[in-house]
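Reviewing the structure listed below.
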Amino acid sequence: MPVNVKSAGLATTVQDLGRPGYYHLGIPIGGAMDRLALRAANMLVGNDEGAACLEAVFMGPELEFNEDTLIAITGAELPPKIDGEVRDTWTTLKVKKGQVLSFDYLRAGARAYIAVAGGIETPANLGSRSTYAIGALGGVNGRAIQPGDVLPVGNASVTIAEGTTIPANLRRGPDKPAELRVLPGLYAHRVSERSLDRFFQDTWKVASEADRMGYRFQGGAPIEFVDREPPFGAGSDPSNITDACYPYGSIQIPSGTEPIILHRDAVSGGGYFMVGTVISADMDLIGQLQPHTETRFVKVNMHTALSARRERAAAIENMRQALA
Amino acid sequence: MSSRYTFGGDEHIFVEVNEEMSLEAFFKALSMTNAVRNADIRGVTEICPANASFQIKFDPDLIHPDDLMSELKRMEEIADKEEAVLNTRIIEIPVYYQDPWTHETLMRFRERHQDPEATDIEYAARINGYDTVADFIQAHSASPWFVSMVGFVSGLPFLYQMVDRKRQIQVPKYLRPRTDTPRLTVGYGGCFSCIYSVRGAGGYQMFGITPMPIYDPEQKVNYLKDFLVFFKPGDIVKWKPITREEYERNLKEVEANTFSPRIREVVFSLDDFNRDIDGTNAKLLEVLNAG
C-alpha cells in the first residue's frame, strides 16, 4: 500500500532506530532524533517499535493514502488534519483510501513522527532505512522525501483500536527553559575552573544552525582556556586537539564561543575539544528544541546519568503497558 | 606513554593515547582497539580508532561503565607489549594538483582564508619554506602517507606524512570553514592530509583533486563492490601527481568502471621505519612500483 507524497514539508526524512556499527568509518548511527516519540508512534499503529516512520521538522508534509489504514503522529505538537479536519497527536487514527493527511502549524517541539501501520519500507542500506543525506544512504534514494515520491508501506500485522492514546503523563518534551544533563569530561581540563562553572550557570539559546548533525547554542560567556603549548598535530587555536573521535551528544566549543552538541547524524571526528557529553536519557529532548529556545546545561555524575537512563527505559515500558 | 581515560557520557569511553600526533601513538591506539575487538566484551557496540586516541561505544545496560573502564585499562598493558608490525597495503592515488574545480571553490571563499591574495597551495608552500609550488608538490607527493583515521564523514581518510617531524608539512585550517568542498578534493589541515569523500563543508586547505572515487553508497564502482568505503586505518598511500590529460583519461576509466587503483601488499614495521625512514619508504615504493 504505497503513500503518495503531495508536498514534502521542510525536511521530511524516513527514519528508524538507525544503523549502528559504521561510526569508525564516518557513517553515523542516524535514525530518529527523538527515539521515544518514534517508538510511541509505532506502538500506536501496531508496528515493531523500530519500524521506519517519517520525521518531519517544523512543518508537516501532505500525504495521500491509497488504502484504508492506521496512522499516528507523535513528538512535536504538530496537529494532523485528515481531509482538513484537525485530529489528535499521540493517538491511533484511521485514514480511508484517498484521504489526505496534512498538518496545522507547529505548536510546540520541533520534530513530529508519522507512523503508518506496516511501516515505511523504502530500501535499507547497511541494515537501516534511516536517511543519511551526506552519505546518500537510506530514505528515498538517500535523500529527504519530495513531492511525487511514492513511499512503499509494509503489511500491517496487528490491529490497534482507533482512538488508542498514550496518556499525557507518559509523553515527554523539553521544559522551559530546557535542561540538558551533561557529564563533564573528555577535554574539560582545557577550560579554567571558573569558566567551566560559568558554562553550567549561563542560559544559552538554540542557534539557527540546528539540524540532525548537531545543535549550536549562543548567548553564554566565551570559554577561558588553560594556557598550553600546542601539541604537534593539534593546530594553534586553544580549542584545537589532534583530530579525534566525537561521542554522540558531545559538546564541542570551536574557538571557545558557541557550543555544538553532536546528534544522530554526527560527524564522527574532528579537531575541536569537547567539554562533556549530554547523557543518553536527554538526547531525545534535543530533537524537540526550536531555535531561540532557552537552554541550561546541568552538570551531573555517572550515577545520575545511569538512573536517568533507567527512568527513561521504565517510561517506555509504561507506554507498552498502557497500550497492552 | 600512559593514556588518559575519560567518559563521553554514559555510552562512550574516550582514550587519549597522546595529546600529540605520532605514529607511536597511532600504533598504540590501533593495537588497543584490536585488543578490545578480540576480547569480544559484552556490551561493546562500536570501536573507533583515531589518530592518537580511540573511542569505545557501549551499552551501559549490559556492562557498567566502571567495569568497562577497568577492562580497557588492563588492555593497555597488552598493547604496550605488542610489536608494532602491520600487514597492510600501499595504494597509489592520482592527484591533479591545482585543478580548476578546487581553484574555483577556493576563490569563492577567499575572505575566510589567512592569505586572501594567494591560493591555498601557494600559502602552504610559503609558510612551509618552499620556494615554489612545484617544490611543495614534490614534498607532498614524494614520500608515502599513513591512513591514521577514517571518519568525519563517509569514509574520509586522514593521512599522516611518513617523514621525520622536522620535514612534516603543517598548515592551519581555514579561519572559518567553507560551506562547500568539491568531492574528492585532496585537502590539508594541521599535520594531516585528507581526501573529501563527498561534497560538503570543510575547513582544510585545498591542493588538488583525485579522479578516484573512495566512497560509493551504491557499490557499483568495481573496487567498492564488496564494501562502500575504500580506506581503513593502517593503509599506506602514495600520491601520484597527474596532468589534466591524465585526469580526464582516469575520469573516463572511472565512468566506464574500468579504473582500478594500483595496490600492493606490504608489511610495515614501526621499529624498522624509525631506524631508517628514507630506506623504509624506498622499499615500500619499490614494492608499489614493481611489476
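Chain identifiers are assigned as A, B, and so on, following the order in which chains appear in the C-alpha cells; residues are numbered from 1 within each chain, and ligands are numbered from 1 in order of appearance.
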For the contact check between chain B and chain A, emit one row per residue of chain B within 6 Å, containing the shortest atom pair and the distance in Å rounded to one decimal, counting only C-alpha atoms, chain then rising number order, as JSON lines.
```
{"residue": "B:Thr6", "atom": "CA", "partner": "A:Leu186", "partner_atom": "CA", "distance": 5.6}
{"residue": "B:Gly8", "atom": "CA", "partner": "A:Thr277", "partner_atom": "CA", "distance": 5.4}
{"residue": "B:Gly9", "atom": "CA", "partner": "A:Thr277", "partner_atom": "CA", "distance": 4.7}
{"residue": "B:Glu20", "atom": "CA", "partner": "A:Phe232", "partner_atom": "CA", "distance": 4.9}
{"residue": "B:Met21", "atom": "CA", "partner": "A:Gly233", "partner_atom": "CA", "distance": 5.2}
{"residue": "B:Glu46", "atom": "CA", "partner": "A:Gly21", "partner_atom": "CA", "distance": 5.8}
{"residue": "B:Cys48", "atom": "CA", "partner": "A:His24", "partner_atom": "CA", "distance": 4.4}
{"residue": "B:Ala50", "atom": "CA", "partner": "A:Ala244", "partner_atom": "CA", "distance": 5.4}
{"residue": "B:Val150", "atom": "CA", "partner": "A:Leu25", "partner_atom": "CA", "distance": 5.2}
{"residue": "B:Gly151", "atom": "CA", "partner": "A:Gly26", "partner_atom": "CA", "distance": 3.7}
{"residue": "B:Phe152", "atom": "CA", "partner": "A:Ser268", "partner_atom": "CA", "distance": 4.6}
{"residue": "B:Val153", "atom": "CA", "partner": "A:Gly26", "partner_atom": "CA", "distance": 4.5}
{"residue": "B:Ser154", "atom": "CA", "partner": "A:Gly26", "partner_atom": "CA", "distance": 4.7}
{"residue": "B:Gly155", "atom": "CA", "partner": "A:Leu25", "partner_atom": "CA", "distance": 5.0}
{"residue": "B:Gly190", "atom": "CA", "partner": "A:Gly235", "partner_atom": "CA", "distance": 5.3}
{"residue": "B:Cys191", "atom": "CA", "partner": "A:Gly233", "partner_atom": "CA", "distance": 5.1}
```
Take the residues from that selection and write them out as an mmCIF file, in the first residue's frame, keeping N, CA and C atoms.
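The resulting file, selection_3.cif, is shown below:
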```cif
data_model
loop_
_atom_site.group_PDB
_atom_site.id
_atom_site.type_symbol
_atom_site.label_atom_id
_atom_site.label_comp_id
_atom_site.auth_asym_id
_atom_site.auth_seq_id
_atom_site.Cartn_x
_atom_site.Cartn_y
_atom_site.Cartn_z
ATOM 1 N N THR B 6 38.659 8.779 29.765
ATOM 2 C CA THR B 6 37.571 9.652 30.208
ATOM 3 C C THR B 6 36.251 9.164 29.609
ATOM 4 N N GLY B 8 32.667 9.658 27.776
ATOM 5 C CA GLY B 8 31.880 10.542 26.919
ATOM 6 C C GLY B 8 30.418 10.218 27.201
ATOM 7 N N GLY B 9 29.866 10.825 28.248
ATOM 8 C CA GLY B 9 28.509 10.488 28.673
ATOM 9 C C GLY B 9 28.451 9.072 29.217
ATOM 10 N N GLU B 20 49.786 14.599 21.440
ATOM 11 C CA GLU B 20 50.497 14.872 20.182
ATOM 12 C C GLU B 20 50.262 13.753 19.187
ATOM 13 N N MET B 21 50.260 14.113 17.920
ATOM 14 C CA MET B 21 50.223 13.083 16.888
ATOM 15 C C MET B 21 51.608 12.480 16.704
ATOM 16 N N GLU B 46 30.652 -0.300 19.493
ATOM 17 C CA GLU B 46 31.431 0.309 18.414
ATOM 18 C C GLU B 46 32.854 0.560 18.897
ATOM 19 N N CYS B 48 36.165 2.649 17.650
ATOM 20 C CA CYS B 48 36.578 3.660 16.677
ATOM 21 C C CYS B 48 38.003 4.138 16.927
ATOM 22 N N ALA B 50 41.286 6.368 16.246
ATOM 23 C CA ALA B 50 41.540 7.680 15.651
ATOM 24 C C ALA B 50 43.045 7.889 15.575
ATOM 25 N N VAL B 150 39.872 7.095 9.816
ATOM 26 C CA VAL B 150 38.845 7.220 8.787
ATOM 27 C C VAL B 150 37.614 7.771 9.487
ATOM 28 N N GLY B 151 37.079 8.858 8.976
ATOM 29 C CA GLY B 151 35.925 9.442 9.652
ATOM 30 C C GLY B 151 35.673 10.865 9.262
ATOM 31 N N PHE B 152 35.044 11.617 10.148
ATOM 32 C CA PHE B 152 34.453 12.926 9.893
ATOM 33 C C PHE B 152 33.151 12.661 9.141
ATOM 34 N N VAL B 153 33.215 12.427 7.825
ATOM 35 C CA VAL B 153 32.043 11.937 7.091
ATOM 36 C C VAL B 153 32.452 10.731 6.240
ATOM 37 N N SER B 154 31.440 9.998 5.826
ATOM 38 C CA SER B 154 31.519 8.851 4.922
ATOM 39 C C SER B 154 32.884 8.442 4.358
ATOM 40 N N GLY B 155 33.675 7.750 5.136
ATOM 41 C CA GLY B 155 34.882 7.132 4.612
ATOM 42 C C GLY B 155 36.015 8.071 4.282
ATOM 43 N N GLY B 190 46.333 21.168 9.782
ATOM 44 C CA GLY B 190 47.253 20.735 10.845
ATOM 45 C C GLY B 190 48.384 19.947 10.204
ATOM 46 N N CYS B 191 48.618 18.707 10.678
ATOM 47 C CA CYS B 191 49.663 17.882 10.067
ATOM 48 C C CYS B 191 49.052 16.787 9.194
#
```
Could you list, as a PDB file with N, CA and C atoms, in the first residue's frame, every residue within 12 Å of B:Asp80, counting only C-alpha atoms and ignoring same-chain residues fewer than 5 positions away?
```
ATOM      1  N   MET B   1      54.546   5.701  27.710  1.00  0.00           N
ATOM      2  CA  MET B   1      53.401   6.504  27.265  1.00  0.00           C
ATOM      3  C   MET B   1      52.146   5.999  27.979  1.00  0.00           C
ATOM      4  N   SER B   2      51.582   6.821  28.860  1.00  0.00           N
ATOM      5  CA  SER B   2      50.404   6.406  29.600  1.00  0.00           C
ATOM      6  C   SER B   2      49.194   7.174  29.086  1.00  0.00           C
ATOM      7  N   SER B   3      48.113   6.449  28.834  1.00  0.00           N
ATOM      8  CA  SER B   3      46.950   7.055  28.192  1.00  0.00           C
ATOM      9  C   SER B   3      46.045   7.730  29.209  1.00  0.00           C
ATOM     10  N   VAL B  17      45.602   8.495  23.764  1.00  0.00           N
ATOM     11  CA  VAL B  17      46.893   7.842  23.930  1.00  0.00           C
ATOM     12  C   VAL B  17      47.977   8.896  24.104  1.00  0.00           C
ATOM     13  N   GLU B  24      53.774   6.393  16.797  1.00  0.00           N
ATOM     14  CA  GLU B  24      53.755   5.564  18.005  1.00  0.00           C
ATOM     15  C   GLU B  24      52.370   5.601  18.650  1.00  0.00           C
ATOM     16  N   ALA B  25      51.832   6.816  18.776  1.00  0.00           N
ATOM     17  CA  ALA B  25      50.505   6.959  19.397  1.00  0.00           C
ATOM     18  C   ALA B  25      49.444   6.266  18.544  1.00  0.00           C
ATOM     19  N   PHE B  27      49.867   3.702  16.479  1.00  0.00           N
ATOM     20  CA  PHE B  27      50.002   2.246  16.579  1.00  0.00           C
ATOM     21  C   PHE B  27      49.462   1.727  17.896  1.00  0.00           C
ATOM     22  N   LYS B  28      49.698   2.489  18.958  1.00  0.00           N
ATOM     23  CA  LYS B  28      49.196   2.030  20.253  1.00  0.00           C
ATOM     24  C   LYS B  28      47.663   2.053  20.274  1.00  0.00           C
ATOM     25  N   ALA B  29      47.076   3.120  19.724  1.00  0.00           N
ATOM     26  CA  ALA B  29      45.608   3.199  19.660  1.00  0.00           C
ATOM     27  C   ALA B  29      45.068   2.031  18.830  1.00  0.00           C
ATOM     28  N   LEU B  30      45.752   1.734  17.720  1.00  0.00           N
ATOM     29  CA  LEU B  30      45.297   0.646  16.846  1.00  0.00           C
ATOM     30  C   LEU B  30      45.394  -0.699  17.566  1.00  0.00           C
ATOM     31  N   SER B  31      46.505  -0.923  18.276  1.00  0.00           N
ATOM     32  CA  SER B  31      46.619  -2.243  18.917  1.00  0.00           C
ATOM     33  C   SER B  31      45.665  -2.353  20.100  1.00  0.00           C
ATOM     34  N   MET B  32      45.395  -1.241  20.795  1.00  0.00           N
ATOM     35  CA  MET B  32      44.402  -1.316  21.873  1.00  0.00           C
ATOM     36  C   MET B  32      43.004  -1.609  21.325  1.00  0.00           C
ATOM     37  N   ALA B  35      42.845  -5.176  20.476  1.00  0.00           N
ATOM     38  CA  ALA B  35      42.710  -5.991  21.688  1.00  0.00           C
ATOM     39  C   ALA B  35      41.265  -5.976  22.189  1.00  0.00           C
ATOM     40  N   LYS B  73      41.685  -0.431  30.720  1.00  0.00           N
ATOM     41  CA  LYS B  73      42.990  -0.090  31.289  1.00  0.00           C
ATOM     42  C   LYS B  73      43.905  -1.312  31.319  1.00  0.00           C
ATOM     43  N   ARG B  74      43.304  -2.486  31.596  1.00  0.00           N
ATOM     44  CA  ARG B  74      44.120  -3.709  31.567  1.00  0.00           C
ATOM     45  C   ARG B  74      44.681  -3.961  30.173  1.00  0.00           C
ATOM     46  N   MET B  75      43.909  -3.584  29.161  1.00  0.00           N
ATOM     47  CA  MET B  75      44.344  -3.848  27.782  1.00  0.00           C
ATOM     48  C   MET B  75      45.514  -2.986  27.358  1.00  0.00           C
TER      49      MET B  75
END
```
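Rounded to one decimal, atom CA of B:Glu253 and atom CA of B:Thr185 lie 18.6 Å from each other.
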Can you pull out every residue from stretch 93-221 of chain B that DSSP, working from the backbone, puts in strand (DSSP E), and format the result as a ChimeraX atom specification? /B:93-97,145-150,157-161,185-189,192-195,205-209
Atom pair atom CA of A:Gly60 / atom CA of A:Ala117: separation (Å): 18.5 Å
Rounded to one decimal place, report the atom CA of B:Ser148-atom CA of B:Tyr97 distance in Å.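 For atom CA of B:Ser148 relative to atom CA of B:Tyr97, the distance reads 22.5 Å.
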Using only C-alpha atoms, which residues sit within 10 Å of stretch 273-283 of chain B once same-chain residues fewer than 4 positions away are excluded, as a PyMOL selection string? chain B and resi 23-24+142-145+162-164+266+268-269+287-289
Quick one: residues within 10 Å of B:Tyr174, only C-alpha atoms counted, chain neighbours fewer than 5 positions away excluded, as a VMD selection string? chain B and resid 109 to 115 120 188 to 189 202 to 206
Non-local contacts of A:Cys53 (6 Å; only C-alpha atoms; under 3 positions in same chain excluded) as a list in words: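 With the cut-off at 6 Å, the set is Val14, Gln15, Ile114, Ala115 and Ile120 of chain A.
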Would you output that residue set with N, CA and C atoms, as a compact mmCIF listing (two decimals), in the first residue's frame?
```txt
# COMPACT_ATOMS: atom_id res chain seq x y z
N VAL A 14 12.79 9.71 6.04
CA VAL A 14 12.49 8.39 6.57
C VAL A 14 13.52 8.10 7.66
N GLN A 15 13.06 7.68 8.85
CA GLN A 15 13.98 7.36 9.95
C GLN A 15 13.48 6.15 10.72
N ILE A 114 5.61 10.38 12.04
CA ILE A 114 4.40 9.91 11.38
C ILE A 114 4.58 8.42 11.12
N ALA A 115 3.81 7.61 11.87
CA ALA A 115 3.88 6.16 11.67
C ALA A 115 2.67 5.72 10.84
N ILE A 120 7.10 2.25 6.92
CA ILE A 120 7.62 2.68 5.62
C ILE A 120 8.66 1.65 5.18
```
Extract, using only C-alpha atoms, all DNA, RNA and protein residues at most 7 Å from stretch 216-219 of chain A, discarding same-chain residues fewer than 2 positions from it, and format them as an mmCIF file with C-alpha atoms, in the first residue's frame.
```
data_model
loop_
_atom_site.group_PDB
_atom_site.id
_atom_site.type_symbol
_atom_site.label_atom_id
_atom_site.label_comp_id
_atom_site.auth_asym_id
_atom_site.auth_seq_id
_atom_site.Cartn_x
_atom_site.Cartn_y
_atom_site.Cartn_z
ATOM 1 C CA TRP A 204 22.089 29.548 26.323
ATOM 2 C CA LYS A 205 19.819 29.804 23.327
ATOM 3 C CA VAL A 206 19.467 27.365 20.422
ATOM 4 C CA ALA A 207 21.007 28.991 17.317
ATOM 5 C CA GLU A 209 22.176 26.141 12.866
ATOM 6 C CA ALA A 210 20.379 23.231 14.470
ATOM 7 C CA GLY A 214 24.241 18.979 15.557
ATOM 8 C CA ALA A 221 30.154 33.616 28.122
ATOM 9 C CA GLU A 258 29.384 28.653 20.505
ATOM 10 C CA PRO A 259 28.850 25.135 21.873
ATOM 11 C CA ILE A 260 27.695 22.474 19.395
ATOM 12 C CA ILE A 261 26.057 19.241 20.559
#
```
Output as an MDAnalysis selection string all residues of stretch 27-212 of chain B that backbone DSSP marks as alpha helix (DSSP H). chainID B and resid 27:39 65:81 100:108 120:127 133:142
